[in-house]
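Q: The structure under discussion is supplied below as structure tokens; questions concerning it will follow.
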Amino acid sequence: MKGDPLLNKAAQLAKRREFESALKILKDEEDRYNGSFRYYYLYAVICLHSGSFVEALEFFRYARQIKGKDPKTLLGLAVLYLKRMNTVQAVDFYLDALEIDPKNRIAKKALSVIKENSASEALSEWINPKRIAKLYPPIPAPAVSLKTIINIGLILAAAVSLTLTVLMLTDVIKNPFKREQRPTQDFILTSEERNYPVETGGVYRYILTRDQAINLYERALSFFTSYRDEAAKVNLNRILESNASEGLKGRARLLLDNMDIPGFENFNRQDNPSFTAVNGEPFVYRNVHVIWTGMATNVEITDEYTRFDFLVGYDTRRTLEGIVPVIFYSPVSINIERPLDVLGRIVLTPQSEIRLEGVAIHQSGRLEN
């Protein structure tokens, strides 16, 4: 909330337990903060402390879609499931929070309470508003005013900037804005793999020459070192579907095993393939992550999963590129009246049909005209 007067004002009101006023300020600006983790978390935690548990669950889920590993968000989801006596789901969230923040006192206390009151009757007796409120994640404190920050910054900025610059240039400390180069020693081709990169004979989806096979792998490795994993996957999938040697395919699989799952905040949009591209050549996009925009229909939500048919490109309600089934292995809040962005991994059925395994969702704040 640093530097945002409106969110600071809402936090100040909530700290004074003026929950209704705080929520009104936030509700009036919902469209403005669409996709903002700070807004969703603040709205959720104020709802939780004020007793609006349905809205709290909805907005904690929004926050988790943006930052899946935020421990305070996980605490909020956990305590809401604990209130429902769903201890299995609550424990999962508390364990996730401890994995990220091993010293988290709230998660440790909650797990201890669940362990000591393992019987449903005992846990039900333990849960009362005063006790369970101690397991709520805190309302964020209002940030320091912008004027104060500027005054302090003017005094310290020059000295700190100069000191850090000197230390980073001399490698005394690491540059926090510079990504570490990914190690590549385990992925460099051996002499044999370079000399014999393709097989002769057999039936393959793609037939590559020796130079083509090596170039595809080298290009993929270059993308990998630049943190462009999705572009690298396309090249590696082409190798796996080709007459490349088993040695080269083994290197490709090893490289694929070392790639990261992207989020909305770090997804490289230049490597985002269109539905048309994927539909035309699905095998080279297997396991590639995409962000597609459209509308959801036929939504089915349970405690274990969320399924829906995704109308890709239909966010303006003018053009439909295709219909793709999507599954999230958790309950996800979806408004079928609003467009949404889906970040998902492409999977193929035995019939080579496209499916998306969901990673996260951004729901727009209003319908497009």
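By convention here, the chains of the structure tokens are called A, B, ... in the order presented, each chain's residues are numbered starting at 1, and ligands are numbered starting at 1 in the order presented.
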Find the spatial neighbours of Asn117 in chain A, counting only C-alpha atoms, within a cut-off of 12 Å - ignore same-chain residues fewer than 4 positions away - and output them as JSON, numbers by chain.
A: {"A": [82, 85, 87, 110, 111, 112, 113, 121, 122, 123, 124, 125, 126, 127]}
Q: Give me every helix (DSSP H, G or I) residue in range 119-338 of chain A, going by DSSP on the backbone, as a ChimeraX atom specification.
A: /A:120-126,129-135,146-169,185-187,191-195,210-225,229-240,246-257,269-271,275-280,282-285,314-316
Q: Selected residues, C-alpha atoms, written as a short mmCIF file (atom, residue, chain, number, x, y, z; two decimals), in the first residue's frame, please.
A:
data_model
loop_
_atom_site.label_atom_id
_atom_site.label_comp_id
_atom_site.auth_asym_id
_atom_site.auth_seq_id
_atom_site.Cartn_x
_atom_site.Cartn_y
_atom_site.Cartn_z
CA SER A 120 -14.91 -32.86 15.55
CA GLU A 121 -16.77 -32.21 18.79
CA ALA A 122 -13.67 -30.90 20.52
CA LEU A 123 -12.73 -28.63 17.61
CA SER A 124 -16.29 -27.31 17.34
CA GLU A 125 -16.23 -26.52 21.04
CA TRP A 126 -12.84 -24.76 20.72
CA PRO A 129 -15.23 -15.83 17.66
CA LYS A 130 -12.72 -14.71 20.28
CA ARG A 131 -10.42 -17.72 19.95
CA ILE A 132 -10.42 -18.10 16.20
CA ALA A 133 -9.83 -14.37 15.69
CA LYS A 134 -6.33 -14.96 17.09
CA LEU A 135 -5.64 -17.05 13.97
CA LEU A 146 4.36 9.98 0.83
CA LYS A 147 5.60 13.31 2.17
CA THR A 148 7.63 11.61 4.90
CA ILE A 149 9.08 9.13 2.43
CA ILE A 150 10.14 11.94 0.12
CA ASN A 151 11.78 13.90 2.92
CA ILE A 152 13.71 10.90 4.17
CA GLY A 153 14.56 9.87 0.64
CA LEU A 154 16.02 13.26 -0.25
CA ILE A 155 18.38 13.03 2.71
CA LEU A 156 19.51 9.44 2.16
CA ALA A 157 19.11 8.75 -1.54
CA ALA A 158 22.34 10.25 -2.79
CA ALA A 159 24.54 8.56 -0.20
CA VAL A 160 22.83 5.17 -0.45
CA SER A 161 22.73 5.22 -4.24
CA LEU A 162 26.40 6.06 -4.50
CA THR A 163 27.40 3.41 -1.96
CA LEU A 164 25.33 0.66 -3.58
CA THR A 165 26.56 1.53 -7.04
CA VAL A 166 30.19 1.29 -5.97
CA LEU A 167 29.61 -1.99 -4.12
CA MET A 168 27.75 -3.57 -7.05
CA LEU A 169 30.28 -2.43 -9.63
CA GLN A 185 27.02 -27.09 -17.59
CA ASP A 186 24.61 -30.03 -17.21
CA PHE A 187 22.96 -29.25 -20.55
CA SER A 191 31.01 -34.70 -28.57
CA GLU A 192 29.05 -37.87 -29.38
CA GLU A 193 25.72 -36.05 -29.16
CA ARG A 194 27.02 -33.38 -31.52
CA ASN A 195 28.50 -35.88 -33.96
CA ARG A 210 22.06 -32.81 -38.41
CA ASP A 211 22.48 -29.01 -38.38
CA GLN A 212 18.77 -28.40 -37.78
CA ALA A 213 18.69 -30.69 -34.75
CA ILE A 214 21.75 -29.09 -33.15
CA ASN A 215 20.52 -25.56 -33.93
CA LEU A 216 17.13 -26.26 -32.37
CA TYR A 217 18.78 -27.45 -29.16
CA GLU A 218 21.25 -24.55 -29.02
CA ARG A 219 18.42 -22.07 -29.58
CA ALA A 220 16.40 -23.70 -26.79
CA LEU A 221 19.39 -23.53 -24.44
CA SER A 222 19.85 -19.85 -25.27
CA PHE A 223 16.19 -19.16 -24.48
CA PHE A 224 16.53 -21.12 -21.23
CA THR A 225 19.50 -19.06 -20.03
CA ASP A 229 11.24 -21.09 -20.90
CA GLU A 230 8.11 -21.19 -23.05
CA ALA A 231 10.07 -20.35 -26.21
CA ALA A 232 12.64 -22.98 -25.27
CA LYS A 233 9.91 -25.62 -24.88
CA VAL A 234 8.69 -25.11 -28.44
CA ASN A 235 12.14 -25.93 -29.82
CA LEU A 236 12.64 -28.88 -27.47
CA ASN A 237 9.21 -30.34 -28.29
CA ARG A 238 10.10 -30.25 -31.97
CA ILE A 239 13.22 -32.25 -31.16
CA LEU A 240 11.21 -34.79 -29.16
CA GLU A 246 18.05 -40.56 -28.10
CA GLY A 247 21.04 -38.74 -26.63
CA LEU A 248 19.80 -35.38 -27.89
CA LYS A 249 16.24 -36.15 -26.77
CA GLY A 250 17.56 -37.05 -23.33
CA ARG A 251 19.24 -33.65 -23.07
CA ALA A 252 15.99 -32.01 -24.18
CA ARG A 253 14.00 -33.82 -21.46
CA LEU A 254 16.58 -32.87 -18.83
CA LEU A 255 16.33 -29.22 -19.86
CA LEU A 256 12.53 -29.36 -19.72
CA ASP A 257 12.66 -30.79 -16.18
CA ARG A 269 4.37 -12.04 -23.27
CA GLN A 270 6.58 -12.10 -26.36
CA ASP A 271 6.56 -15.91 -26.13
CA PHE A 275 -4.75 -20.21 -30.08
CA THR A 276 -4.46 -20.47 -33.87
CA ALA A 277 -0.74 -21.31 -33.65
CA VAL A 278 -1.28 -23.94 -30.99
CA ASN A 279 -4.26 -25.47 -32.74
CA GLY A 280 -2.31 -25.70 -36.00
CA PRO A 282 -0.32 -28.73 -31.04
CA PHE A 283 2.56 -31.18 -30.49
CA VAL A 284 5.27 -28.51 -30.39
CA TYR A 285 3.27 -26.59 -27.78
CA TYR A 314 -14.60 -14.02 -27.01
CA ASP A 315 -13.88 -11.31 -24.44
CA THR A 316 -15.31 -8.68 -26.83
#
Q: Show me, as a ChimeraX atom specification, the residues that have an atom within 7 Å of Ala63 in chain A when counting only C-alpha atoms, minus same-chain residues fewer than 4 positions from it.
A: /A:37,40-41,59,67,73
Q: Write out as a list in words the residues lying within 8 Å of range 203-206 of chain A, counting only C-alpha atoms and excluding same-chain residues fewer than 3 positions away.
A: Arg238, Glu241, Ser242 and Asn243 of chain A
Q: Please dump the current selection as a JSON list (two decimals), in the first residue's frame; keep C-alpha atoms.
A:
[["chain", "number", "residue", "atom", "x", "y", "z"],
["A", 238, "ARG", "CA", 10.10, -30.25, -31.97],
["A", 241, "GLU", "CA", 8.78, -35.28, -32.05],
["A", 242, "SER", "CA", 11.58, -35.70, -34.60],
["A", 243, "ASN", "CA", 14.23, -38.13, -35.73]]
Q: Using only C-alpha atoms, determine which residues lie at most 6 Å from Gly344 in chain A, disregarding the query and same-chain residues fewer than 4 positions distant; provide the list as a ChimeraX atom specification.
A: /A:289-290,356-359
Q: So what do you get for CA of Pro140 in chain A versus CA of Gly263 in chain A, distance-wise?
A: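 We find that CA of Pro140 in chain A and CA of Gly263 in chain A lie 23.8 Å from each other.
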Q: As an exercise, work out the distance from CA of Asp70 in chain A to CA of Arg38 in chain A in Å and give it to one decimal place.
A: 11.1 Å
Q: Taking only C-alpha atoms into account, name the residue in A:Ala14, A:Leu189, A:Ile25, A:Val54 that is nearest to Pro142 in chain A.
A: A:Ala14
Q: As a PyMOL selection string, please: every residue in range 90-309 of chain A that a backbone DSSP assignment puts in strand (DSSP E or B).
A: chain A and resi 198+206+242+244+289-301+306-309
Q: Using only C-alpha atoms, determine which residues lie at most 9 Å from Val347 in chain A, disregarding the query and same-chain residues fewer than 5 positions distant; provide the list as a list in words.
A: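 Contacts, with the query itself left out: Tyr285, Arg286, Asn287, Val288, Ser352, Glu353, Ile354, Arg355, Leu356 and Glu357 of chain A.
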Q: Using only C-alpha atoms, which residues sit within 8 Å of Val332 in chain A once same-chain residues fewer than 4 positions away are excluded, as a list of chain:residue names?
A: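 The residues satisfying every condition are A:Arg61, A:Ile301, A:Tyr305, A:Thr306, A:Phe328.
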Q: Restricted to C-alpha atoms, what would the selected residues look like written as a PDB file, in the first residue's frame?
A:
ATOM      1  CA  ARG A  61      -8.861 -16.517  -3.700  1.00  0.00           C
ATOM      2  CA  ILE A 301     -16.707 -25.729  -8.969  1.00  0.00           C
ATOM      3  CA  TYR A 305     -11.361 -28.616  -8.668  1.00  0.00           C
ATOM      4  CA  THR A 306     -12.823 -26.006 -11.020  1.00  0.00           C
ATOM      5  CA  PHE A 328      -7.883 -25.968 -11.969  1.00  0.00           C
TER       6      PHE A 328
END
Q: Between A:Glu18, A:Asp92, A:Glu99, A:Glu321, which residue has the minimum interatomic distance to Thr293 in chain A, considering only C-alpha atoms?
A: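 The closest residue to Thr293 in chain A is A:Glu321.
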